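For reference, the structure discussed in these notes is given below.
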Amino acid sequence: MENLFSHPESEPEAARSGESLEPLIVSVVVPTTVPHAFQGFTDHPHLWWPLEEESVYGAGSHVEFEENLILETAEDGRTSVWGTIDDWQPPLSFHASWYPAGTPLWSTEIRVVFSSVDGGTEVRLIHDGWEGAEDPAASRASYAEGWPRVLQRYARFMGGAVA
């Protein structure tokens, strides 16, 4: 006899609609310590982020981590919040709602984790929460092309090998 209070396990909404998208995971290894890798990523993105390819305002703008925000500032002073940091664990990781050129209403999630490995520090970026994007599949496809470029620029800045 089945339990009267049991219910059949239901599939998640995304699985039923065929829209289930796996997290995007991109990593690089940089030849430095975990604290230095974290500092290079969070204190100096204006020196390595490929703003000419991956930004709201293009070349000449400035990106920075400011308080709990990841912020781009155009040459004319306009700003675009790329993300809101909600978990800050220096020098090991941070997590943010991610919505460049958008709104928090249509946000995804990124977590960047810094781990000691042979040869330096692995910097692993996990981008997930695609159901929060206005167009989940297109958003994931765009980031699948963009994140490797971004992390390769960071690796070059930190003295790592470039693929």
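Ligands are numbered from 1 in the order shown, residues from 1 within each chain, and chains are lettered A, B, ... in the order they appear in the structure tokens.
Residues in contact with His44 in chain A at 10 Å, where only C-alpha atoms are counted and same-chain residues fewer than 4 positions away are skipped, are listed as Phe38, Gln39, Gly40, Trp48, Trp49, Val63, Glu64, Phe65, Tyr154 and Phe157 of chain A.
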Contact residues around range 143-151 of chain A with only C-alpha atoms at 10 Å, ignoring same-chain residues under 5 positions, as a list in words: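 Listing them by chain and then by number gives Leu24, Ile25, Val26, Ser27, Val28, Val29, Phe41, Trp48, Trp49, Pro50, Leu51, Glu53, Glu54, Val123, Arg124, Leu125, Ile126, His127, Ala138, Arg156, Phe157, Val162 and Ala163 of chain A.
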For Ala161 in chain A, the nearest of the candidates A:Glu109, A:Glu75, A:Pro31, A:Ser142, counting only C-alpha atoms: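 Under the stated criterion, the closest residue is A:Pro31.
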Neighbour list for Thr79 in chain A as JSON, numbers by chain, cut-off 10 Å, only C-alpha atoms, skip fewer than 4 positions in-chain: {"A": [56, 57, 61, 62, 63, 71, 72, 73, 74, 75]}
How would the residues just chosen look if you wrote them out with N, CA, C and O atoms as a short mmCIF file (atom, residue, chain, number, x, y, z; two decimals), in the first residue's frame?
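Saved as result_4.cif:
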```cif
data_model
loop_
_atom_site.label_atom_id
_atom_site.label_comp_id
_atom_site.auth_asym_id
_atom_site.auth_seq_id
_atom_site.Cartn_x
_atom_site.Cartn_y
_atom_site.Cartn_z
N VAL A 56 29.50 47.13 -22.10
CA VAL A 56 28.31 47.89 -22.50
C VAL A 56 28.72 49.11 -23.32
O VAL A 56 28.13 49.38 -24.36
N TYR A 57 29.77 49.83 -22.88
CA TYR A 57 30.14 51.10 -23.51
C TYR A 57 31.34 51.01 -24.44
O TYR A 57 31.68 51.98 -25.10
N SER A 61 35.99 52.69 -21.78
CA SER A 61 35.26 52.65 -20.52
C SER A 61 36.15 52.01 -19.45
O SER A 61 37.27 51.59 -19.73
N HIS A 62 35.65 51.94 -18.24
CA HIS A 62 36.42 51.47 -17.09
C HIS A 62 35.55 50.51 -16.28
O HIS A 62 34.40 50.84 -15.98
N VAL A 63 36.07 49.34 -15.95
CA VAL A 63 35.31 48.38 -15.14
C VAL A 63 36.00 48.22 -13.79
O VAL A 63 37.23 48.24 -13.70
N LEU A 71 30.89 47.26 -11.83
CA LEU A 71 30.39 48.47 -12.46
C LEU A 71 31.26 48.87 -13.64
O LEU A 71 32.49 48.83 -13.56
N GLU A 72 30.63 49.27 -14.74
CA GLU A 72 31.34 49.83 -15.88
C GLU A 72 30.99 51.30 -15.97
O GLU A 72 29.81 51.68 -15.88
N THR A 73 32.00 52.14 -16.19
CA THR A 73 31.79 53.57 -16.34
C THR A 73 32.31 53.99 -17.71
O THR A 73 33.46 53.73 -18.06
N ALA A 74 31.46 54.66 -18.48
CA ALA A 74 31.83 55.15 -19.81
C ALA A 74 32.69 56.39 -19.68
O ALA A 74 32.73 57.03 -18.63
N GLU A 75 33.36 56.75 -20.75
CA GLU A 75 34.19 57.96 -20.76
C GLU A 75 33.39 59.20 -20.42
O GLU A 75 33.90 60.13 -19.80
#
```
Point-to-point distance from CA of Ser97 in chain A to CA of Glu22 in chain A, Å rounded to tenths: 17.1 Å
Distance of CA of Asp43 in chain A from CA of Asp76 in chain A, expressed in Å to one decimal place: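 Pair CA of Asp76 in chain A / CA of Asp43 in chain A returns 22.3 Å.
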Strand (DSSP E or B) per DSSP on the backbone: members of chain A, as a PyMOL selection string: chain A and resi 24-30+62-66+69-73+79-89+93-98+108-117+120-128
Those in range 2-109 of chain A with alpha helix (DSSP H) from DSSP, as a PyMOL selection string: chain A and resi 13-17+34-43+45-48
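Of the listed residues A:Pro90, A:Glu66, A:Thr84, A:Gly119, the one whose atoms come nearest to Pro104 in chain A is A:Thr84, with distances taken using only C-alpha atoms.
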Gap from CA of Met158 in chain A to CA of Val81 in chain A - Å, one decimal: 24.9 Å
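Minimum distance to Ile110 in chain A across A:Pro136, A:Gln152, A:Gly60, A:Gly83 (counting only C-alpha atoms) occurs at A:Gly83.
Residue nearest His36 in chain A, chosen from A:Ser115, A:Ser55, A:Thr108, A:Ser80 and counting only C-alpha atoms: A:Ser115.
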Ile85 in chain A environment, 7 Å, only C-alpha atoms, sequence neighbours closer than 4 positions dropped, as an MDAnalysis selection string: chainID A and resid 68:69 95:97
